[in-house]
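Q: Take this structure, written in structure tokens, and hold onto it; I'll ask about it next.
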Amino acid sequence: MTDLYLGADRATESEAAAVDAALRARGVDPVVRAETERLYTSGRARRRERRHYLLPALHALQNAAGWISPGGINYIAGYDGLASSVRAEGGHVHLGPCLGQCERAPALFVQGAGGRPDYVPADAEPFELPQAGDPSLRLLRRIGTADPESLESYIAHGGYEALRRAGQMGAEAVLEAVAASGLSGRGGAAFPTGVKWRAVAAETGRPKHVVANCDESEPGTFKDRIVMEQDPFAGAIERLRTAGLLGPDAAGTGHDFDIAIWRGAGAYICGEETALFNSLEGFRGEPRNKPPFPTTHGSVGEPTAINNPETLLNVLDVIIEGPDAYRSRGTERSPGTKLLCLSGNVRRSGLYEVPFGTTLGDLLALAGGITGTGELQAVLMGGAAGSFVGPDSLGLPLTLEDTRAAGTTLGSGVVMAFDTSVDMTDVVVRIAEFFRNESCGQCVPCRVGAVRQHETLVQMQKRGSLSPAPRPSSTTWPR
Ligand SMILES: Cc1cc2nc3c(=O)[nH]c(=O)nc-3n(C[C@H](O)[C@H](O)[C@H](O)COP(=O)(O)O)c2cc1C
């Protein structure tokens, strides 16, 4: 038994009710709390069993109160098994440096409280996919044509065809097709999906997990959000269970397969696969040492295939049309198509799908060219963790191999354009600020280095010693 003093703040009735409701919905009964502030927990085993309820409880509190109040934290700590998890997480409130809405910037998120829902003003605008109806689309082909609210519409547009075929093919043939397609992960590291899946399949004797990494907190990235919002039956859950597509005999395949959504809390590092596992198990969102890799020790220490949603979406086509047809698009070493998140000074920002090998210039032209001064100064490729290229890179084919050879990356699919009026110094300082805020603090080079880097850049900016925005010879786009 441990005891813990958390201070005298008390939750309001509505905070307490919200936490109780969220935990009761997950089968956790409220416990009778001690009258004093001295709280008792019943040891490590209980904590291990329960700590993954911490994030849902914190979300409920945030929704009820609009913030993580000290009284609310004390209330959560009163739950058997959650007290020391709460203490480990702390009670600070952080501003989110990235809202994942670059295609419709300026981004705003209004935190609801007291039962009012959260609110993203841009959601009131009708959704538009710039390429909607283009017959060459593969991954985005249902967006703008199928009704995202209707399971029937999804099925009428070919939904679950891949699942049916996979059931007929059997596991070995699916593994072979995925390997033969040359599909690589779309979460940033481009790891071969076939190799990952085969490693998980080779594990025996323990439960296995598939995790779709929907964290997507790389600044400038919004592809997974759009796919999930606009094509949700490639993963919607409750209605699928009712329709028999999930559960003990999922879609008549004879396999027991179910899906649960676990909501994170917006930390950049929790997109890193092992930090994500820690977070969903109720631990601090910090990466684990590798090896062991998730394929043998992933979620709750069991074999796990963790993939980006775009990667999983590609598998549908690999199954439906076969690896050869899949490889007919893109290049030999980068087969298939790629989702790219265009934002910044482009005329039609938004989500685009192009075959690997499309040049950067063609992609920008597809988005209507450069706005503002009409002259391109730089493009941020791959996200805040990516790199900048200049107007001399318009001929760069967007493939894994060409971007790597050019010293840049496709990363998470970010293509953020800046016209010649943008102060690039400011952009770099903001990126440094992002990494300073988002360092999980685990390792010294980042914990200390990201702070020093930001401080140094701010000082240099104040002194004017960061070189001013270059004015290279650049392409002028029609206005
Ligand atoms: C700091 C950091 C953040 C990451 N964020 C994401 C993310 O938001 N989404 C994602 O799919 N992968 C992210 N990754 C990559 C994952 O660790 C992992 O490689 C990926 O989910 C594997 O899926 P894939 O093979 O389909 O690409 C991140 C990696 C790092 C180092």
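Just so we're on the same page: first chain in the structure tokens is A, next is B, and so on; residues restart at 1 for each chain, and ligands are numbered from 1 in the order they show up.
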Would you kindly return, as JSON, numbers by chain, each protein, DNA or RNA residue with an atom no farther than 10 Å from any atom of Gly271 (chain A), considering only C-alpha atoms and excluding same-chain residues fewer than 6 positions away?
A: {"A": [187, 213, 214, 215, 216, 217, 218, 264, 277, 279, 285, 287, 308]}
Q: So which residues are near ligand 1, meaning at most 9 Å away with only C-alpha atoms and all ligand atoms counted, given back as number ranges by chain?
A: A: 184-193, 196, 211-218, 221, 224, 268-276, 287, 305-312, 385, 412, 439
Q: Which polymer residues have any atom within 10 Å of an atom of Ser150 (chain A), counting only C-alpha atoms, with same-chain residues fewer than 3 positions away left out, as JSON, numbers by chain?
A: {"A": [146, 147, 153, 154, 155, 156, 231, 232, 233, 239]}
Q: Could you give me, as a VMD selection string, each residue of region 191-322 of chain A that DSSP assigns to helix (DSSP H, G or I) when run on this structure's backbone?
A: chain A and resid 193 to 202 223 to 230 232 to 234 238 to 242 250 to 252 268 to 271 273 to 280 299 to 301 309 to 322
Q: With distances taken over only C-alpha atoms, which of A:Val300, A:Met169, A:Leu366, A:Ala60 is nearest to Pro117 (chain A)?
A: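 Answer, going by the shortest atom-to-atom distance: A:Ala60.
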Q: Please list as a PyMOL selection string every residue within 10 Å of Asp402 (chain A), counting only C-alpha atoms and excluding residues in the same chain fewer than 5 positions away.
A: chain A and resi 333-334+357+396-397+407-410
Q: With a distance cut-off of 12 Å and only C-alpha atoms, select the neighbouring residues of Leu245 (chain A), excluding the residue or stretch itself and same-chain residues fewer than 2 positions from it, and output the selection as a PyMOL selection string.
A: chain A and resi 151+155+159-161+163-164+167+233-243+247-259
Q: Identify, on the basis of only C-alpha atoms, every residue whose closest approach to Leu55 (chain A) does not exceed 10 Å; exclude the query and any residue fewer than 5 positions from it along the same chain; express the result as an MDAnalysis selection string.
A: chainID A and resid 60:61 86 89 262:265 279:283
Q: Write out, as a compact mmCIF listing (two decimals), in the first residue's frame, the residues just selected, with N, CA and C atoms.
A:
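Wrote it out as out.txt, contents follow:
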```
# COMPACT_ATOMS: atom_id res chain seq x y z
N ALA A 60 -12.28 13.21 -20.06
CA ALA A 60 -13.61 13.52 -19.53
C ALA A 60 -13.54 14.79 -18.69
N LEU A 61 -12.49 14.90 -17.89
CA LEU A 61 -12.32 16.09 -17.05
C LEU A 61 -12.14 17.34 -17.90
N VAL A 86 -1.59 9.39 -11.86
CA VAL A 86 -1.85 10.83 -11.93
C VAL A 86 -0.65 11.61 -11.48
N GLU A 89 1.90 11.79 -14.12
CA GLU A 89 1.59 12.64 -15.27
C GLU A 89 1.67 14.12 -14.95
N TRP A 262 -8.58 4.31 -29.24
CA TRP A 262 -7.99 4.83 -28.01
C TRP A 262 -7.48 6.23 -28.30
N ARG A 263 -8.02 7.20 -27.57
CA ARG A 263 -7.73 8.59 -27.90
C ARG A 263 -6.48 9.07 -27.18
N GLY A 264 -5.54 9.65 -27.91
CA GLY A 264 -4.35 10.23 -27.31
C GLY A 264 -4.66 11.64 -26.84
N ALA A 265 -3.61 12.37 -26.45
CA ALA A 265 -3.86 13.71 -25.94
C ALA A 265 -3.00 14.76 -26.63
N SER A 279 1.71 5.44 -24.07
CA SER A 279 0.59 6.34 -23.81
C SER A 279 -0.71 5.55 -23.69
N LEU A 280 -0.94 4.60 -24.60
CA LEU A 280 -2.22 3.91 -24.51
C LEU A 280 -2.28 2.92 -23.36
N GLU A 281 -1.10 2.60 -22.80
CA GLU A 281 -1.12 1.76 -21.60
C GLU A 281 -1.18 2.59 -20.33
N GLY A 282 -1.23 3.94 -20.47
CA GLY A 282 -1.36 4.80 -19.29
C GLY A 282 -0.04 5.27 -18.71
N PHE A 283 1.07 5.02 -19.42
CA PHE A 283 2.37 5.50 -18.96
C PHE A 283 2.69 6.83 -19.63
```
Q: Could you pull the residues within 8 Å of region 345-355 of chain A, counting only C-alpha atoms, minus those fewer than 6 positions along the same chain, as number ranges by chain?
A: A: 103-104, 129-131, 137-140, 222-223, 226, 329-330, 336-339, 363-364, 367-372, 416-419
Q: Between CA of Ala177 (chain A) and CA of Gly205 (chain A), what is the spacing in Å?
A: 24.7 Å
